[in-house]
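Content type PDB, C-alpha atoms, from the file run_27.pdb:
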```pdb
ATOM      1  CA  MET O   1       0.000   0.000   0.000  1.00  0.00           C
ATOM      2  CA  THR O   2       2.791   2.436   0.816  1.00  0.00           C
ATOM      3  CA  LYS O   3       4.474   1.706  -2.537  1.00  0.00           C
ATOM      4  CA  ALA O   4       1.219   2.548  -4.295  1.00  0.00           C
ATOM      5  CA  LEU O   5       0.982   5.836  -2.382  1.00  0.00           C
ATOM      6  CA  LEU O   6       4.585   6.658  -3.276  1.00  0.00           C
ATOM      7  CA  ARG O   7       3.977   5.928  -6.986  1.00  0.00           C
ATOM      8  CA  LEU O   8       0.882   8.123  -6.906  1.00  0.00           C
ATOM      9  CA  MET O   9       2.846  10.956  -5.327  1.00  0.00           C
ATOM     10  CA  TRP O  10       5.521  10.839  -8.031  1.00  0.00           C
ATOM     11  CA  LYS O  11       2.997  10.513 -10.853  1.00  0.00           C
ATOM     12  CA  PHE O  12       0.887  13.481  -9.783  1.00  0.00           C
ATOM     13  CA  GLN O  13       3.249  16.024  -8.282  1.00  0.00           C
ATOM     14  CA  ILE O  14       0.601  18.173  -6.617  1.00  0.00           C
ATOM     15  CA  GLY O  15       2.151  19.292  -3.364  1.00  0.00           C
ATOM     16  CA  VAL O  16       3.797  18.020  -0.238  1.00  0.00           C
ATOM     17  CA  LEU O  17       1.152  19.338   2.144  1.00  0.00           C
ATOM     18  CA  TYR O  18      -1.606  17.778   0.054  1.00  0.00           C
ATOM     19  CA  TYR O  19       0.058  14.373   0.305  1.00  0.00           C
ATOM     20  CA  ALA O  20       0.615  14.784   4.026  1.00  0.00           C
ATOM     21  CA  ARG O  21      -3.132  15.348   4.436  1.00  0.00           C
ATOM     22  CA  ILE O  22      -3.938  12.335   2.235  1.00  0.00           C
ATOM     23  CA  LEU O  23      -1.656  10.133   4.343  1.00  0.00           C
ATOM     24  CA  ASN O  24      -3.275  11.360   7.552  1.00  0.00           C
ATOM     25  CA  VAL O  25      -6.711  10.566   6.130  1.00  0.00           C
ATOM     26  CA  ALA O  26      -5.478   7.091   5.170  1.00  0.00           C
ATOM     27  CA  LYS O  27      -4.166   6.503   8.692  1.00  0.00           C
ATOM     28  CA  VAL O  28      -7.440   7.660  10.254  1.00  0.00           C
ATOM     29  CA  GLU O  29      -9.372   5.351   7.938  1.00  0.00           C
ATOM     30  CA  LEU O  30      -7.099   2.425   8.784  1.00  0.00           C
ATOM     31  CA  ASN O  31      -7.523   3.104  12.502  1.00  0.00           C
ATOM     32  CA  SER O  32     -11.300   3.180  12.116  1.00  0.00           C
ATOM     33  CA  GLN O  33     -11.124  -0.125  10.220  1.00  0.00           C
ATOM     34  CA  ARG O  34      -9.055  -1.545  13.053  1.00  0.00           C
ATOM     35  CA  GLU O  35     -11.514  -0.407  15.691  1.00  0.00           C
ATOM     36  CA  SER O  36     -14.599  -1.627  13.860  1.00  0.00           C
ATOM     37  CA  THR O  37     -15.973  -4.876  15.199  1.00  0.00           C
ATOM     38  CA  GLY O  38     -16.467  -6.533  11.811  1.00  0.00           C
ATOM     39  CA  CYS O  39     -12.936  -6.110  10.512  1.00  0.00           C
ATOM     40  CA  CYS O  40     -11.864  -9.002   8.270  1.00  0.00           C
ATOM     41  CA  TYR O  41     -12.958 -11.853  10.515  1.00  0.00           C
ATOM     42  CA  SER O  42     -16.730 -11.850  10.971  1.00  0.00           C
ATOM     43  CA  GLY O  43     -18.752 -14.773   9.711  1.00  0.00           C
ATOM     44  CA  ARG O  44     -16.483 -17.487  11.070  1.00  0.00           C
ATOM     45  CA  SER O  45     -18.085 -20.232  13.122  1.00  0.00           C
ATOM     46  CA  ASP O  46     -15.194 -21.145  15.408  1.00  0.00           C
ATOM     47  CA  VAL O  47     -14.540 -18.699  18.272  1.00  0.00           C
ATOM     48  CA  GLU O  48     -10.817 -19.484  18.314  1.00  0.00           C
ATOM     49  CA  ASP O  49     -10.592 -18.806  14.571  1.00  0.00           C
ATOM     50  CA  ASP O  50     -12.419 -15.522  15.110  1.00  0.00           C
ATOM     51  CA  ARG O  51      -9.891 -14.471  17.712  1.00  0.00           C
ATOM     52  CA  ASN O  52      -6.960 -15.492  15.509  1.00  0.00           C
ATOM     53  CA  TYR O  53      -8.335 -13.628  12.489  1.00  0.00           C
ATOM     54  CA  LYS O  54      -8.995 -10.574  14.627  1.00  0.00           C
ATOM     55  CA  ILE O  55      -5.437 -10.561  15.958  1.00  0.00           C
ATOM     56  CA  LEU O  56      -4.058 -11.100  12.455  1.00  0.00           C
ATOM     57  CA  SER O  57      -6.120  -8.240  11.011  1.00  0.00           C
ATOM     58  CA  PHE O  58      -4.931  -5.935  13.825  1.00  0.00           C
ATOM     59  CA  GLU O  59      -1.323  -6.857  13.130  1.00  0.00           C
ATOM     60  CA  ILE O  60      -1.711  -6.224   9.395  1.00  0.00           C
ATOM     61  CA  ILE O  61      -3.355  -2.835   9.899  1.00  0.00           C
ATOM     62  CA  ASP O  62      -0.801  -1.841  12.551  1.00  0.00           C
ATOM     63  CA  ASN O  63       1.997  -2.814  10.177  1.00  0.00           C
ATOM     64  CA  ILE O  64       0.541  -0.695   7.360  1.00  0.00           C
ATOM     65  CA  ILE O  65       0.210   2.305   9.678  1.00  0.00           C
ATOM     66  CA  MET O  66       3.767   1.791  10.927  1.00  0.00           C
ATOM     67  CA  GLN O  67       5.080   1.639   7.349  1.00  0.00           C
ATOM     68  CA  ILE O  68       3.237   4.853   6.441  1.00  0.00           C
ATOM     69  CA  ASP O  69       4.778   6.575   9.470  1.00  0.00           C
ATOM     70  CA  LYS O  70       8.230   5.192   8.698  1.00  0.00           C
ATOM     71  CA  ARG O  71       8.252   5.997   4.968  1.00  0.00           C
ATOM     72  CA  PHE O  72       6.407   9.295   5.004  1.00  0.00           C
ATOM     73  CA  GLY O  73       7.068  10.627   8.511  1.00  0.00           C
ATOM     74  CA  ASP O  74       9.381  13.375   7.272  1.00  0.00           C
ATOM     75  CA  LEU O  75       7.112  14.512   4.449  1.00  0.00           C
ATOM     76  CA  GLU O  76       6.315  17.788   6.197  1.00  0.00           C
ATOM     77  CA  LYS O  77      10.016  18.639   6.164  1.00  0.00           C
ATOM     78  CA  LEU O  78      10.017  18.565   2.349  1.00  0.00           C
ATOM     79  CA  ARG O  79       7.870  21.671   2.026  1.00  0.00           C
ATOM     80  CA  PHE O  80      10.921  23.547   0.728  1.00  0.00           C
ATOM     81  CA  VAL O  81      10.607  21.592  -2.553  1.00  0.00           C
ATOM     82  CA  SER O  82       7.666  23.819  -3.433  1.00  0.00           C
ATOM     83  CA  LEU O  83      10.146  26.707  -3.725  1.00  0.00           C
ATOM     84  CA  ALA O  84      11.461  25.158  -6.958  1.00  0.00           C
ATOM     85  CA  ASP O  85       8.121  25.596  -8.743  1.00  0.00           C
ATOM     86  CA  THR O  86       9.075  28.015 -11.512  1.00  0.00           C
ATOM     87  CA  SER O  87       5.455  28.890 -12.245  1.00  0.00           C
ATOM     88  CA  LYS O  88       5.236  30.600  -8.854  1.00  0.00           C
ATOM     89  CA  PHE O  89       8.401  32.695  -9.058  1.00  0.00           C
ATOM     90  CA  ASP O  90       6.431  35.872  -9.832  1.00  0.00           C
ATOM     91  CA  THR O  91       4.238  35.264  -6.792  1.00  0.00           C
ATOM     92  CA  TYR O  92       7.304  34.573  -4.664  1.00  0.00           C
ATOM     93  CA  SER O  93       8.775  37.956  -5.549  1.00  0.00           C
ATOM     94  CA  ARG O  94       5.731  39.611  -3.954  1.00  0.00           C
ATOM     95  CA  ASN O  95       4.916  37.103  -1.203  1.00  0.00           C
ATOM     96  CA  PHE O  96       7.708  34.689  -0.369  1.00  0.00           C
ATOM     97  CA  PRO O  97       6.590  31.496   1.475  1.00  0.00           C
ATOM     98  CA  ARG O  98       8.840  31.780   4.532  1.00  0.00           C
ATOM     99  CA  SER O  99       7.377  28.708   6.222  1.00  0.00           C
ATOM    100  CA  ALA O 100       8.557  26.530   3.329  1.00  0.00           C
ATOM    101  CA  PHE O 101      11.978  28.171   3.424  1.00  0.00           C
ATOM    102  CA  PHE O 102      12.453  27.580   7.138  1.00  0.00           C
ATOM    103  CA  THR O 103      11.807  23.853   6.797  1.00  0.00           C
ATOM    104  CA  ILE O 104      15.245  23.557   5.145  1.00  0.00           C
ATOM    105  CA  SER O 105      17.081  23.863   8.445  1.00  0.00           C
TER     106      SER O 105
END
```

Before anything else, please render the file you have as structure tokens.
Amino acid sequence: MTKALLRLMWKFQIGVLYYARILNVAKVELNSQRESTGCCYSGRSDVEDDRNYKILSFEIIDNIIMQIDKRFGDLEKLRFVSLADTSKFDTYSRNFPRSAFFTIS
């Protein structure tokens, strides 16, 4: 899943902050999936199987969330990349985005 998100980010270079918001939404959705009672294991007849499937689904979702945090945790620090957008140079001469500049240090 994280590879798919990374490919999407490179294919559609929209903006670092946009992707940070998308990743946060994905993490919230994964957490809600994890907390829902019918996550990946309902419909089984054996109670022990239900418990095992529940634990397995929690571990999978936790792993995905951990990988998102690990791979994209520093995404906010890349806001300075937006300064290289040549289409905004005229705007920068009037209103320079200082917050993006200060993320360099």

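Between Phe102 in chain O and the candidates O:Val25, O:Leu30, O:Ile65, O:Leu78, the tightest atom-to-atom separation, counting only C-alpha atoms, involves O:Leu78.
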
For Gly73 in chain O, find every residue with an atom within 12 Å (counting only C-alpha atoms), except residues of its own chain fewer than 4 positions away, and show them as a PyMOL selection string. chain O and resi 16+19-21+23-24+27+65-69+77-78

With C-alpha atoms kept, could you save the residues just selected as a PDB file, in the frame of the given file?
```
ATOM      1  CA  VAL O  16       3.797  18.020  -0.238  1.00  0.00           C
ATOM      2  CA  TYR O  19       0.058  14.373   0.305  1.00  0.00           C
ATOM      3  CA  ALA O  20       0.615  14.784   4.026  1.00  0.00           C
ATOM      4  CA  ARG O  21      -3.132  15.348   4.436  1.00  0.00           C
ATOM      5  CA  LEU O  23      -1.656  10.133   4.343  1.00  0.00           C
ATOM      6  CA  ASN O  24      -3.275  11.360   7.552  1.00  0.00           C
ATOM      7  CA  LYS O  27      -4.166   6.503   8.692  1.00  0.00           C
ATOM      8  CA  ILE O  65       0.210   2.305   9.678  1.00  0.00           C
ATOM      9  CA  MET O  66       3.767   1.791  10.927  1.00  0.00           C
ATOM     10  CA  GLN O  67       5.080   1.639   7.349  1.00  0.00           C
ATOM     11  CA  ILE O  68       3.237   4.853   6.441  1.00  0.00           C
ATOM     12  CA  ASP O  69       4.778   6.575   9.470  1.00  0.00           C
ATOM     13  CA  LYS O  77      10.016  18.639   6.164  1.00  0.00           C
ATOM     14  CA  LEU O  78      10.017  18.565   2.349  1.00  0.00           C
TER      15      LEU O  78
END
```

Go ahead and compute the interatomic distance for CA of Phe89 in chain O and CA of Leu75 in chain O, in Å to one decimal. 22.7 Å

Interatomic distance (Å, one decimal) between CA of Tyr53 in chain O and CA of Ala26 in chain O: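 Pair CA of Tyr53 in chain O / CA of Ala26 in chain O returns 22.2 Å.
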
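With all atoms listed in the file as the atoms that count, the residue of O:Gln33, O:Ser57, O:Ser99, O:Asn63 with the shortest distance to Glu76 in chain O is O:Ser99.
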
Separation of CA of Ala4 in chain O from CA of Ser36 in chain O in Å: 24.4 Å

Selected residue, from O:Ile22, O:Ala100, O:Leu56, O:Ile61, that lies nearest to Ala84 in chain O when counting all atoms listed in the file: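 Checking each of O:Ile22, O:Ala100, O:Leu56, O:Ile61 against Ala84 in chain O, counting all atoms listed in the file, the winner is O:Ala100.
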
If we count all atoms listed in the file, what is near Arg98 in chain O at a cut-off of 12 Å, once residues fewer than 4 positions away on the same chain are taken out, given as a count of residues only? 10

Using only the atoms of range 70-86 of chain O listed in the file, plus 3 Å on each side, state the axis-aligned box centre and edge lengths in Å rounded to one decimal, as JSON.
```
{"center_x": 8.9, "center_y": 16.6, "center_z": -1.4, "size_x": 11.1, "size_y": 28.8, "size_z": 26.2}
```

O:Asp62, O:Asp49, O:Ile55, O:Lys3 ranked by distance to Ser32 in chain O, top pick (using all atoms listed in the file):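 Looking at the shortest contact to Ser32 in chain O, the residue is O:Asp62.
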